[in-house]
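What follows is a short report on a single structure.
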Amino acid sequence: MRYAISLKACLIVAALLCLLMSGMCFAQGDKMGTYKMTTPIPSGIAIPDNVETRFGTLNFFGGFPDNASVQKLFDNLDFQRAEQAYLLALPALSQAGIRKGLLDLGPANYTVAISETLMDSRSLFLTASTKPYTIIQLDLHDGPLVLEAPPNVAGAIDNMWSNWVTDIGATGPDKGKGGKYLILPPGYNGTVPDGYFVVRSQTFNNGLFWQSSLVNGDPLPGVDEVKKSTRIYPLSKASNPPAMKFINISSMAINTIATADYSSWETLNQIVQDEPSESLDPITLGFFASIGIEKGKQFAPDARMKGI
């Protein structure tokens, strides 16, 4: 019992000493009653009770936002993500617009759109040309394609994300002399025969385009060469290539421009579902996923997200 009383007395004395010391520290503080160990807080760090923003007033208590402010913050975050996702999606949406316009003329791989007498304002293109312009939609879902490119052209193949795949013609491996290209789909590990300029695309859908030169101001010699020499066919049908379909799009009311309304999100989702995830960088895919567009998942935004 004597030991217990002594221990209790010691605890009381220790508590009194702590109170005394804290009082001394307070007394040694500044005139405003702050503690000696208090660190001055620079302007801009402490959270105020309310903040006026471009999306409304945010209210805080003890540094925490109230429920209404939390909702505003999440709405704004989703809007920012959607805005950035749309900017990152523009190249693919542009390719999708061109693809749709060309598929309206005929099937991929066999339909060749060419401005035989140049372009005018009836055709809706983001970028038209003052030379004969050839555009072909390539689809690699069924396997490798052979492209027999004509001489004296200059162009390229871009994948579905508008990323460069290869040059064709003057700046390509055929050096403007024409030649056979073998275009391989994503993940292809089959036999690659000799005698081709071999090209590997990261996406199944690709856009092929080139310009022909004018001869003394006349577009027809270049157009005739394109029609004579251009062939596209599956490698599996190299011994019996199907016929090509050439369509003169000069003065044609053809639209190749993508929409800029809600349907653009549905188009982007279709591209994400159709193309390998490995064909695009993870940061861009992350922005798409943050608004509900993700490979293998249904895109079904609720009313709040649709409004945003």
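Simple scheme: letters A, B, ... for chains in structure tokens order, numbers from 1 for residues in each chain, numbers from 1 for ligands in the order shown.
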Name the residues in contact with A:Val226 at a cut-off of 12 Å, using only C-alpha atoms, excluding same-chain residues fewer than 2 positions from it; report them as a compact mmCIF listing (two decimals) with C-alpha atoms, in the first residue's frame.
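Wrote part03.txt, looks like this:
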```
# COMPACT_ATOMS: atom_id res chain seq x y z
CA VAL A 112 -9.57 3.56 -104.01
CA ALA A 113 -10.75 7.17 -103.71
CA ILE A 114 -8.86 9.49 -106.04
CA SER A 115 -9.39 13.16 -106.91
CA GLU A 116 -8.84 12.83 -110.64
CA PRO A 132 -4.34 14.30 -107.41
CA TYR A 133 -5.01 12.74 -104.01
CA THR A 134 -5.40 8.97 -103.44
CA ILE A 135 -6.92 7.63 -100.21
CA GLU A 148 1.54 -2.76 -105.06
CA ALA A 149 2.37 0.95 -105.00
CA PRO A 150 2.66 2.97 -108.20
CA PRO A 151 5.75 5.00 -109.12
CA ASN A 152 6.03 8.78 -108.83
CA VAL A 153 3.87 9.25 -105.74
CA ALA A 154 4.57 10.58 -102.25
CA GLY A 169 6.84 6.55 -102.70
CA GLY A 178 6.95 1.83 -106.94
CA PHE A 209 -2.75 8.18 -98.82
CA TRP A 210 -0.47 9.68 -101.43
CA GLN A 211 -0.24 12.49 -103.95
CA SER A 212 0.55 12.17 -107.62
CA SER A 213 2.48 14.83 -109.51
CA PRO A 219 -3.30 15.63 -113.35
CA LEU A 220 -4.40 12.82 -115.71
CA PRO A 221 -1.00 11.16 -116.41
CA GLY A 222 -0.45 10.67 -112.67
CA VAL A 223 -4.02 9.45 -112.20
CA ASP A 224 -3.65 6.94 -115.04
CA LYS A 228 -2.66 1.12 -113.78
CA SER A 229 -0.24 0.14 -111.00
CA THR A 230 -2.15 0.18 -107.68
CA ARG A 231 -3.20 -3.19 -106.36
CA MET A 244 -9.86 -2.87 -107.44
CA PHE A 246 -11.45 3.29 -108.33
CA ILE A 247 -13.81 6.16 -107.50
```
Near A:Ser94, counting only C-alpha atoms, which residues have an atom at most 9 Å away, once you skip same-chain residues fewer than 3 positions from it, shown as an MDAnalysis selection string? chainID A and resid 89:91 97:99 126 161:162 256:259
Include C-alpha atoms and write out the residues we just selected as a PDB file, in the first residue's frame.
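Result written to again-v9.pdb:
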```pdb
ATOM      1  CA  ALA A  89      -8.560  11.351 -79.088  1.00  0.00           C
ATOM      2  CA  LEU A  90      -8.704  13.891 -81.940  1.00  0.00           C
ATOM      3  CA  PRO A  91      -6.143  12.112 -84.180  1.00  0.00           C
ATOM      4  CA  GLY A  97     -14.054  10.211 -89.951  1.00  0.00           C
ATOM      5  CA  ILE A  98     -11.946   9.412 -92.995  1.00  0.00           C
ATOM      6  CA  ARG A  99     -12.595   5.704 -92.548  1.00  0.00           C
ATOM      7  CA  LEU A 126      -9.737  18.624 -92.986  1.00  0.00           C
ATOM      8  CA  TRP A 161      -4.225   6.573 -83.860  1.00  0.00           C
ATOM      9  CA  SER A 162      -2.767   8.644 -86.743  1.00  0.00           C
ATOM     10  CA  THR A 256     -14.460  12.591 -94.007  1.00  0.00           C
ATOM     11  CA  ILE A 257     -14.681  14.877 -90.952  1.00  0.00           C
ATOM     12  CA  ALA A 258     -15.455  13.334 -87.576  1.00  0.00           C
ATOM     13  CA  THR A 259     -18.347  14.508 -85.431  1.00  0.00           C
TER      14      THR A 259
END
```
Which residues are near stretch 263-270 of chain A? Cut-off 9 Å, only C-alpha atoms, ignore same chain within fewer than 2 positions. Put them as a ChimeraX atom specification. /A:86,89,92-93,96,258-261,272-275,288,292-295,298-299
With N, CA and C atoms retained, write the just-selected residues as an mmCIF file, in the first residue's frame.
```cif
data_model
loop_
_atom_site.group_PDB
_atom_site.id
_atom_site.type_symbol
_atom_site.label_atom_id
_atom_site.label_comp_id
_atom_site.auth_asym_id
_atom_site.auth_seq_id
_atom_site.Cartn_x
_atom_site.Cartn_y
_atom_site.Cartn_z
ATOM 1 N N TYR A 86 -10.582 14.036 -74.825
ATOM 2 C CA TYR A 86 -11.046 14.421 -76.165
ATOM 3 C C TYR A 86 -9.900 14.974 -77.004
ATOM 4 N N ALA A 89 -7.852 12.231 -78.158
ATOM 5 C CA ALA A 89 -8.560 11.351 -79.088
ATOM 6 C C ALA A 89 -8.696 11.941 -80.486
ATOM 7 N N ALA A 92 -7.306 10.044 -83.591
ATOM 8 C CA ALA A 92 -8.043 8.818 -83.894
ATOM 9 C C ALA A 92 -9.427 9.132 -84.440
ATOM 10 N N LEU A 93 -10.081 10.143 -83.885
ATOM 11 C CA LEU A 93 -11.405 10.525 -84.381
ATOM 12 C C LEU A 93 -11.322 11.017 -85.817
ATOM 13 N N ALA A 96 -11.104 8.043 -87.911
ATOM 14 C CA ALA A 96 -12.415 7.399 -87.959
ATOM 15 C C ALA A 96 -13.342 8.116 -88.940
ATOM 16 N N ALA A 258 -14.816 13.987 -88.721
ATOM 17 C CA ALA A 258 -15.455 13.334 -87.576
ATOM 18 C C ALA A 258 -16.428 14.286 -86.884
ATOM 19 N N THR A 259 -17.402 13.710 -86.205
ATOM 20 C CA THR A 259 -18.347 14.508 -85.431
ATOM 21 C C THR A 259 -17.667 15.076 -84.193
ATOM 22 N N ALA A 260 -18.272 16.106 -83.629
ATOM 23 C CA ALA A 260 -17.743 16.730 -82.414
ATOM 24 C C ALA A 260 -18.851 16.854 -81.369
ATOM 25 N N ASP A 261 -19.746 15.860 -81.351
ATOM 26 C CA ASP A 261 -20.806 15.845 -80.347
ATOM 27 C C ASP A 261 -20.662 14.572 -79.507
ATOM 28 N N VAL A 272 -11.223 1.934 -79.273
ATOM 29 C CA VAL A 272 -10.518 1.315 -78.147
ATOM 30 C C VAL A 272 -10.833 -0.174 -78.073
ATOM 31 N N GLN A 273 -12.095 -0.545 -78.314
ATOM 32 C CA GLN A 273 -12.472 -1.953 -78.260
ATOM 33 C C GLN A 273 -11.873 -2.740 -79.417
ATOM 34 N N ASP A 274 -11.723 -2.107 -80.571
ATOM 35 C CA ASP A 274 -11.302 -2.811 -81.786
ATOM 36 C C ASP A 274 -9.792 -2.975 -81.892
ATOM 37 N N GLU A 275 -9.043 -2.031 -81.353
ATOM 38 C CA GLU A 275 -7.591 -2.042 -81.548
ATOM 39 C C GLU A 275 -6.862 -2.579 -80.314
ATOM 40 N N PHE A 288 -8.646 7.831 -71.124
ATOM 41 C CA PHE A 288 -9.876 7.249 -71.659
ATOM 42 C C PHE A 288 -10.589 6.424 -70.582
ATOM 43 N N GLY A 292 -14.519 6.147 -68.415
ATOM 44 C CA GLY A 292 -15.341 4.963 -68.668
ATOM 45 C C GLY A 292 -15.101 4.271 -69.992
ATOM 46 N N ILE A 293 -14.069 4.660 -70.749
ATOM 47 C CA ILE A 293 -13.771 3.998 -72.017
ATOM 48 C C ILE A 293 -12.541 3.128 -71.817
ATOM 49 N N GLU A 294 -12.767 1.824 -71.754
ATOM 50 C CA GLU A 294 -11.697 0.894 -71.416
ATOM 51 C C GLU A 294 -11.895 -0.414 -72.170
ATOM 52 N N LYS A 295 -10.802 -0.960 -72.648
ATOM 53 C CA LYS A 295 -10.836 -2.208 -73.416
ATOM 54 C C LYS A 295 -11.521 -3.316 -72.630
ATOM 55 N N GLN A 298 -17.916 -2.263 -70.964
ATOM 56 C CA GLN A 298 -18.995 -1.521 -71.605
ATOM 57 C C GLN A 298 -18.893 -0.039 -71.263
ATOM 58 N N PHE A 299 -19.079 0.803 -72.267
ATOM 59 C CA PHE A 299 -19.101 2.246 -72.041
ATOM 60 C C PHE A 299 -20.544 2.661 -71.779
#
```
Would you give me, as a PyMOL selection string, the residues in stretch 140-276 of chain A that DSSP reads as helix (DSSP H, G or I)? chain A and resi 220-229+235-237+263-274
Pick from A:Ile157, A:Leu280, A:Ala46, A:Met252, whichever lies nearest to A:Gly101 using only C-alpha atoms: A:Met252
With only C-alpha atoms as the counted atoms, please give the residues lying no more than 6 Å from A:Asn206, apart from itself and same-chain residues fewer than 5 positions off, as a ChimeraX atom specification. /A:138,158-160
Stretch 50-283 of chain A: residues DSSP assigns to strand (DSSP E), reported as an MDAnalysis selection string: chainID A and resid 50:53 56:61 64:65 111:114 133:139 145:149 153:159 164:169 179:184 197:200 205:212 231:234 245:248
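Distances here use only C-alpha atoms; by that measure, the residue among A:Ile249, A:Ala300, A:Met305, A:Ile283 closest to A:Ala85 is A:Ile283.
Here the question is which of A:Leu214, A:Ile308, A:Leu182, A:Leu235 gets nearest to A:Ser129 using only C-alpha atoms, and that residue is A:Leu214.
Here atom CA of A:Ala289 is placed at a distance of 13.7 Å from atom CA of A:Leu77.
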Which value, in Å to one decimal, gives the distance between atom CA of A:Gln95 and atom CA of A:Trp164? 12.2 Å
Within 10 Å of A:Ala243, counting only C-alpha atoms, which residues qualify if same-chain residues fewer than 6 places away don't, as a PyMOL selection string? chain A and resi 110-111+231-233
